[in-house]
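Chemist: Got a structure here, written out as structure tokens. Questions coming.
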Amino acid sequence: MEEIRPQPRQEAFLSSSADIVIYGGAAGGGKTWALLLEPLRHLENKNFGAVIFRRTTPEIVKEGGMWDEARKLYPVIGGKPNENEHIYKFPSGARVSFAHLQYESTLSDWLGAQIALIEFDQLETFTEKQFFYMLSRNRSTSGVRPYVRATCNPEPNWLSYFLDWWIAPDGYAIPERSGVVRWMVRENDRTFWSDTPETLKDEHPASTPKSVTFILSTVYDNKILLEKDPGYLANLQALSLVDRERLLGDANRGGNWKIKPSAGKIFNRAWFEIVQAVPAGGEIVRFYDLAATAKKQADFTSSTKMKLVDGIYYILDATNDQLEPASVDKFIINTASQDGIYVSIRWEKEGGASGKRDSYHIATMLSGYDAEAIPPQGDKITRAKPLASQALAGNVKLLSGLWNEWWLNEMHGQPDLPHDDVMDSASGAFNCLNETGLVIAKNIFQNYRG
């Protein structure tokens, strides 16, 4: 039987006593195996249970993914798989489950759960809300002290801010800080840090500090992978500049957490000021790019909520989700209810009979709202140019929110990113606000409602 032994960086991950350990910072560092190995220390405890999360179910079961890797390891030590529920049960009664958190609404599935060990594979793909909510489910009566383990690749989102102390200003990890434990508390959606738990207890007596560390890992740490698949390093080296810097980066410091897409050909993130409040009045529209309705399901359903006041365009909210067609209707209805009846709703009208049928369905579903499909005028770049012009002039501002960072990344990266749904919904909202017809329809709708 082949010996199962962690590699040095994996040993550092597995030996840490911190409440929360986040491992990675580049591709190919043996992160998946580290997560699979962690629960093994508790397999003699019949009451022990661990859950390993990926963002979606397909990511769990894809070729070479987490479930495939578990098949190589867990049966060797007595694990019996339930293929339908994606659970491994061990002779003692201990369990390791594999689950998804595709949407933030999925969190409700875990109400009342008690999970001794929670693991996130590719934590950067989860939202901040998902991560911190699941911490509330990290509790146990099994005798195992509850704890969290996660892996990650660099991504300039909430996680890069969470790990800021371990990352240098140039975007690369600080090797000397790898594995150094810090302490945090969370209050009112803000994270407070200290080098000692005592300081946090004094400053935040109502909160219990948790210990956190980040352990750096790169492909160069994974000698087994490089021996078995020497071409993998060449694959990373062949990536585009931005992806190469993120996933390969520096041999000693890992990937770059702060690198941005170099495109900037249509929009530049520096053009958008982030503001804490917006003035009253004006017209508001939410525009949808309904990718999942008539296009491939792999595309994104994106929306932009935009307000025009005194010549300034304020982006109040943005969404971008991979939704199954059946979920799109529910999402639109829920969002409309949250926005209120005085927010106009628009979406791009697809061509052909199916486009007409989809638009009629949506308009009927939104009865009582100012809702209408808009035929596209010109190609995507042409439609985006008016918004880009106003952004360059400093007339487009973002209301501060958790969506700001990913939205700026998507806009700055156009047209080189694989998806343009965010840009489409933003330019659609802008162009609607500049159509006289929207203001007329709005006035009629308000008079009708009044």
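Chain labels follow the order of the structure tokens: the first chain is A, the next B, and so on; residue numbering restarts at 1 in every chain, and ligands are counted from 1 in their shown order.
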Extract, using only C-alpha atoms, all DNA, RNA and protein residues at most 8 Å from region 421-434 of chain A, discarding same-chain residues fewer than 3 positions from it, and format them as a PyMOL selection string.

Modeler: chain A and resi 283-289+291+299-308+313+320+346-348+380+383-384+386-387+407+410-411+414+438-439

Chemist: Could you turn the residues from that selection into a file that holds N, CA, C and O atoms, as a short mmCIF file (atom, residue, chain, number, x, y, z; two decimals), in the first residue's frame?

Modeler:
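Result written to again.cif:
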```cif
data_model
loop_
_atom_site.label_atom_id
_atom_site.label_comp_id
_atom_site.auth_asym_id
_atom_site.auth_seq_id
_atom_site.Cartn_x
_atom_site.Cartn_y
_atom_site.Cartn_z
N GLU A 283 -34.29 59.60 -11.01
CA GLU A 283 -34.94 58.42 -11.56
C GLU A 283 -34.05 57.21 -11.32
O GLU A 283 -32.82 57.29 -11.33
N ILE A 284 -34.67 56.06 -11.09
CA ILE A 284 -33.93 54.83 -10.79
C ILE A 284 -34.41 53.72 -11.73
O ILE A 284 -35.61 53.54 -11.93
N VAL A 285 -33.45 52.96 -12.25
CA VAL A 285 -33.78 51.81 -13.07
C VAL A 285 -32.87 50.65 -12.67
O VAL A 285 -31.72 50.86 -12.28
N ARG A 286 -33.42 49.44 -12.72
CA ARG A 286 -32.59 48.24 -12.62
C ARG A 286 -32.69 47.52 -13.95
O ARG A 286 -33.78 47.17 -14.40
N PHE A 287 -31.52 47.31 -14.56
CA PHE A 287 -31.48 46.66 -15.87
C PHE A 287 -30.86 45.28 -15.73
O PHE A 287 -29.83 45.10 -15.07
N TYR A 288 -31.51 44.27 -16.36
CA TYR A 288 -31.05 42.90 -16.29
C TYR A 288 -30.44 42.45 -17.63
O TYR A 288 -30.98 42.75 -18.70
N ASP A 289 -29.34 41.76 -17.55
CA ASP A 289 -28.87 40.96 -18.67
C ASP A 289 -29.20 39.52 -18.32
O ASP A 289 -28.52 38.89 -17.50
N ALA A 291 -28.93 36.36 -18.95
CA ALA A 291 -28.17 35.35 -19.68
C ALA A 291 -28.79 33.97 -19.58
O ALA A 291 -28.85 33.24 -20.56
N ASP A 299 -23.57 31.09 -18.66
CA ASP A 299 -23.46 32.53 -18.57
C ASP A 299 -24.05 33.03 -17.27
O ASP A 299 -24.68 32.29 -16.52
N PHE A 300 -23.87 34.32 -17.03
CA PHE A 300 -24.32 34.93 -15.78
C PHE A 300 -25.57 35.77 -16.00
O PHE A 300 -25.75 36.37 -17.04
N THR A 301 -26.42 35.80 -14.99
CA THR A 301 -27.53 36.74 -14.95
C THR A 301 -27.07 37.94 -14.13
O THR A 301 -26.77 37.81 -12.95
N SER A 302 -26.99 39.08 -14.79
CA SER A 302 -26.43 40.27 -14.16
C SER A 302 -27.48 41.37 -14.11
O SER A 302 -28.34 41.47 -14.99
N SER A 303 -27.42 42.19 -13.06
CA SER A 303 -28.31 43.36 -12.99
C SER A 303 -27.56 44.54 -12.42
O SER A 303 -26.62 44.37 -11.62
N THR A 304 -27.97 45.74 -12.83
CA THR A 304 -27.40 46.98 -12.32
C THR A 304 -28.53 47.93 -11.96
O THR A 304 -29.43 48.18 -12.78
N LYS A 305 -28.50 48.42 -10.74
CA LYS A 305 -29.47 49.40 -10.27
C LYS A 305 -28.79 50.77 -10.26
O LYS A 305 -27.82 50.97 -9.55
N MET A 306 -29.32 51.69 -11.08
CA MET A 306 -28.65 52.96 -11.30
C MET A 306 -29.64 54.12 -11.12
O MET A 306 -30.82 54.00 -11.47
N LYS A 307 -29.11 55.20 -10.57
CA LYS A 307 -29.93 56.39 -10.30
C LYS A 307 -29.29 57.61 -10.95
O LYS A 307 -28.07 57.79 -10.87
N LEU A 308 -30.11 58.46 -11.57
CA LEU A 308 -29.65 59.70 -12.19
C LEU A 308 -30.17 60.89 -11.41
O LEU A 308 -31.38 61.08 -11.28
N TYR A 313 -24.59 59.92 -12.35
CA TYR A 313 -25.14 58.56 -12.37
C TYR A 313 -24.57 57.79 -11.17
O TYR A 313 -23.35 57.63 -11.05
N ASN A 320 -24.56 39.54 -9.91
CA ASN A 320 -23.99 38.74 -10.99
C ASN A 320 -23.91 37.30 -10.52
O ASN A 320 -23.04 36.96 -9.72
N ARG A 346 -35.98 47.02 -16.46
CA ARG A 346 -35.76 46.84 -17.89
C ARG A 346 -34.85 45.64 -18.11
O ARG A 346 -34.05 45.28 -17.26
N TRP A 347 -34.96 45.05 -19.27
CA TRP A 347 -34.09 43.95 -19.65
C TRP A 347 -33.97 43.93 -21.16
O TRP A 347 -34.80 44.49 -21.88
N GLU A 348 -32.90 43.31 -21.63
CA GLU A 348 -32.66 43.26 -23.07
C GLU A 348 -33.60 42.25 -23.72
O GLU A 348 -33.71 41.11 -23.28
N LYS A 380 -22.30 45.38 -28.36
CA LYS A 380 -22.09 45.59 -26.92
C LYS A 380 -21.13 46.75 -26.64
O LYS A 380 -21.36 47.54 -25.72
N ARG A 383 -22.81 50.07 -27.27
CA ARG A 383 -23.77 50.41 -26.22
C ARG A 383 -23.06 50.84 -24.94
O ARG A 383 -23.63 51.57 -24.12
N ALA A 384 -21.83 50.39 -24.74
CA ALA A 384 -21.10 50.72 -23.51
C ALA A 384 -20.39 52.06 -23.58
O ALA A 384 -20.04 52.64 -22.54
N PRO A 386 -21.26 55.25 -24.28
CA PRO A 386 -21.79 56.43 -23.56
C PRO A 386 -21.53 56.37 -22.05
O PRO A 386 -21.17 57.39 -21.45
N LEU A 387 -21.69 55.21 -21.45
CA LEU A 387 -21.39 55.07 -20.03
C LEU A 387 -19.91 55.29 -19.77
O LEU A 387 -19.52 55.97 -18.80
N TRP A 407 -17.29 44.25 -9.03
CA TRP A 407 -17.86 45.02 -10.13
C TRP A 407 -16.77 45.81 -10.85
O TRP A 407 -16.70 45.82 -12.08
N GLU A 410 -14.68 43.46 -12.96
CA GLU A 410 -15.37 43.06 -14.19
C GLU A 410 -15.35 44.18 -15.23
O GLU A 410 -15.09 43.94 -16.41
N MET A 411 -15.62 45.39 -14.79
CA MET A 411 -15.67 46.52 -15.73
C MET A 411 -14.28 46.84 -16.27
O MET A 411 -14.10 47.08 -17.47
N GLN A 414 -12.91 44.45 -19.12
CA GLN A 414 -13.52 44.35 -20.44
C GLN A 414 -12.62 45.00 -21.51
O GLN A 414 -11.95 45.98 -21.24
N LEU A 438 -38.23 56.53 -20.71
CA LEU A 438 -38.23 56.01 -19.35
C LEU A 438 -38.87 57.01 -18.40
O LEU A 438 -39.68 56.65 -17.54
N VAL A 439 -38.53 58.30 -18.56
CA VAL A 439 -39.09 59.32 -17.69
C VAL A 439 -40.59 59.44 -17.90
O VAL A 439 -41.37 59.54 -16.93
#
```

Chemist: Once DSSP has gone over the backbone, tell me which residues of region 296-421 of chain A are in helix (DSSP H, G or I), as a ChimeraX atom specification.

Modeler: /A:325-339,352-365,380-392,404-412,421

Chemist: Check the DSSP output for the backbone and give back, as number ranges by chain, the residues of region 40-134 of chain A in strand (DSSP E or B).

Modeler: A: 49-54, 80-82, 87-89, 95-100, 117-120

Chemist: Give me the residues near Pro75 (chain A) as a PDB file with all heavy atoms, in the first residue's frame, where near means some atom within 12 Å (using only C-alpha atoms) and where sequence neighbours in that chain fewer than 6 positions away do not count.

Modeler:
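Generated file (out-v5.pdb):
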```pdb
ATOM      1  N   TRP A  67     -14.466  15.099  -4.972  1.00  0.00           N
ATOM      2  CA  TRP A  67     -15.045  13.768  -4.775  1.00  0.00           C
ATOM      3  C   TRP A  67     -14.144  12.686  -5.376  1.00  0.00           C
ATOM      4  O   TRP A  67     -13.945  11.619  -4.782  1.00  0.00           O
ATOM      5  CB  TRP A  67     -16.445  13.716  -5.370  1.00  0.00           C
ATOM      6  CG  TRP A  67     -17.203  12.466  -5.060  1.00  0.00           C
ATOM      7  CD1 TRP A  67     -17.532  11.463  -5.926  1.00  0.00           C
ATOM      8  CD2 TRP A  67     -17.738  12.067  -3.789  1.00  0.00           C
ATOM      9  NE1 TRP A  67     -18.232  10.474  -5.282  1.00  0.00           N
ATOM     10  CE2 TRP A  67     -18.386  10.816  -3.970  1.00  0.00           C
ATOM     11  CE3 TRP A  67     -17.735  12.641  -2.525  1.00  0.00           C
ATOM     12  CZ2 TRP A  67     -19.015  10.139  -2.935  1.00  0.00           C
ATOM     13  CZ3 TRP A  67     -18.377  11.970  -1.490  1.00  0.00           C
ATOM     14  CH2 TRP A  67     -19.000  10.741  -1.696  1.00  0.00           C
ATOM     15  N   ASP A  68     -13.575  12.947  -6.547  1.00  0.00           N
ATOM     16  CA  ASP A  68     -12.664  11.990  -7.168  1.00  0.00           C
ATOM     17  C   ASP A  68     -11.425  11.775  -6.299  1.00  0.00           C
ATOM     18  O   ASP A  68     -10.946  10.632  -6.138  1.00  0.00           O
ATOM     19  CB  ASP A  68     -12.233  12.492  -8.545  1.00  0.00           C
ATOM     20  CG  ASP A  68     -13.202  12.082  -9.643  1.00  0.00           C
ATOM     21  OD1 ASP A  68     -14.213  11.432  -9.322  1.00  0.00           O
ATOM     22  OD2 ASP A  68     -12.955  12.413 -10.804  1.00  0.00           O
ATOM     23  N   GLU A  69     -10.899  12.856  -5.747  1.00  0.00           N
ATOM     24  CA  GLU A  69      -9.708  12.734  -4.899  1.00  0.00           C
ATOM     25  C   GLU A  69     -10.033  11.973  -3.611  1.00  0.00           C
ATOM     26  O   GLU A  69      -9.208  11.201  -3.112  1.00  0.00           O
ATOM     27  CB  GLU A  69      -9.146  14.120  -4.570  1.00  0.00           C
ATOM     28  CG  GLU A  69      -8.578  14.866  -5.770  1.00  0.00           C
ATOM     29  CD  GLU A  69      -7.446  14.104  -6.435  1.00  0.00           C
ATOM     30  OE1 GLU A  69      -6.503  13.700  -5.724  1.00  0.00           O
ATOM     31  OE2 GLU A  69      -7.512  13.876  -7.660  1.00  0.00           O
ATOM     32  N   PRO A  81     -18.635   5.276   0.663  1.00  0.00           N
ATOM     33  CA  PRO A  81     -19.273   6.446   0.058  1.00  0.00           C
ATOM     34  C   PRO A  81     -20.769   6.274  -0.158  1.00  0.00           C
ATOM     35  O   PRO A  81     -21.246   5.172  -0.443  1.00  0.00           O
ATOM     36  CB  PRO A  81     -18.559   6.564  -1.281  1.00  0.00           C
ATOM     37  CG  PRO A  81     -18.222   5.144  -1.643  1.00  0.00           C
ATOM     38  CD  PRO A  81     -17.927   4.447  -0.328  1.00  0.00           C
ATOM     39  N   ASN A  82     -21.494   7.364   0.009  1.00  0.00           N
ATOM     40  CA  ASN A  82     -22.872   7.464  -0.459  1.00  0.00           C
ATOM     41  C   ASN A  82     -22.817   8.392  -1.662  1.00  0.00           C
ATOM     42  O   ASN A  82     -22.679   9.613  -1.520  1.00  0.00           O
ATOM     43  CB  ASN A  82     -23.771   8.045   0.629  1.00  0.00           C
ATOM     44  CG  ASN A  82     -25.225   8.140   0.204  1.00  0.00           C
ATOM     45  OD1 ASN A  82     -25.531   8.535  -0.918  1.00  0.00           O
ATOM     46  ND2 ASN A  82     -26.134   7.806   1.105  1.00  0.00           N
ATOM     47  N   TYR A  88     -19.066  10.388   3.062  1.00  0.00           N
ATOM     48  CA  TYR A  88     -18.282   9.212   3.424  1.00  0.00           C
ATOM     49  C   TYR A  88     -18.541   8.900   4.895  1.00  0.00           C
ATOM     50  O   TYR A  88     -18.442   9.782   5.745  1.00  0.00           O
ATOM     51  CB  TYR A  88     -16.789   9.456   3.214  1.00  0.00           C
ATOM     52  CG  TYR A  88     -16.301   8.986   1.860  1.00  0.00           C
ATOM     53  CD1 TYR A  88     -16.264   9.860   0.780  1.00  0.00           C
ATOM     54  CD2 TYR A  88     -15.902   7.675   1.662  1.00  0.00           C
ATOM     55  CE1 TYR A  88     -15.832   9.432  -0.463  1.00  0.00           C
ATOM     56  CE2 TYR A  88     -15.461   7.236   0.418  1.00  0.00           C
ATOM     57  CZ  TYR A  88     -15.433   8.127  -0.642  1.00  0.00           C
ATOM     58  OH  TYR A  88     -15.011   7.685  -1.871  1.00  0.00           O
ATOM     59  N   LYS A  89     -18.879   7.640   5.169  1.00  0.00           N
ATOM     60  CA  LYS A  89     -19.059   7.171   6.545  1.00  0.00           C
ATOM     61  C   LYS A  89     -17.940   6.195   6.873  1.00  0.00           C
ATOM     62  O   LYS A  89     -17.568   5.355   6.047  1.00  0.00           O
ATOM     63  CB  LYS A  89     -20.423   6.486   6.711  1.00  0.00           C
ATOM     64  CG  LYS A  89     -21.593   7.433   6.529  1.00  0.00           C
ATOM     65  CD  LYS A  89     -22.923   6.720   6.776  1.00  0.00           C
ATOM     66  CE  LYS A  89     -24.100   7.672   6.601  1.00  0.00           C
ATOM     67  NZ  LYS A  89     -25.398   6.996   6.833  1.00  0.00           N
ATOM     68  N   PHE A  90     -17.429   6.287   8.087  1.00  0.00           N
ATOM     69  CA  PHE A  90     -16.306   5.470   8.514  1.00  0.00           C
ATOM     70  C   PHE A  90     -16.757   4.478   9.577  1.00  0.00           C
ATOM     71  O   PHE A  90     -17.834   4.632  10.173  1.00  0.00           O
ATOM     72  CB  PHE A  90     -15.185   6.377   9.018  1.00  0.00           C
ATOM     73  CG  PHE A  90     -14.616   7.239   7.921  1.00  0.00           C
ATOM     74  CD1 PHE A  90     -15.185   8.467   7.609  1.00  0.00           C
ATOM     75  CD2 PHE A  90     -13.530   6.807   7.170  1.00  0.00           C
ATOM     76  CE1 PHE A  90     -14.682   9.256   6.576  1.00  0.00           C
ATOM     77  CE2 PHE A  90     -13.018   7.585   6.138  1.00  0.00           C
ATOM     78  CZ  PHE A  90     -13.598   8.806   5.844  1.00  0.00           C
ATOM     79  N   PRO A  91     -15.983   3.430   9.823  1.00  0.00           N
ATOM     80  CA  PRO A  91     -16.425   2.353  10.728  1.00  0.00           C
ATOM     81  C   PRO A  91     -16.886   2.835  12.088  1.00  0.00           C
ATOM     82  O   PRO A  91     -17.814   2.250  12.683  1.00  0.00           O
ATOM     83  CB  PRO A  91     -15.174   1.470  10.838  1.00  0.00           C
ATOM     84  CG  PRO A  91     -14.484   1.655   9.530  1.00  0.00           C
ATOM     85  CD  PRO A  91     -14.703   3.094   9.160  1.00  0.00           C
TER      86      PRO A  91
END
```

Chemist: Give me the residues within 12 Å of Glu405 (chain A) as a ChimeraX atom specification, counting only C-alpha atoms and dropping any in the same chain fewer than 2 places off.

Modeler: /A:155-161,258,260,269-270,272,274,318,398-403,407-412
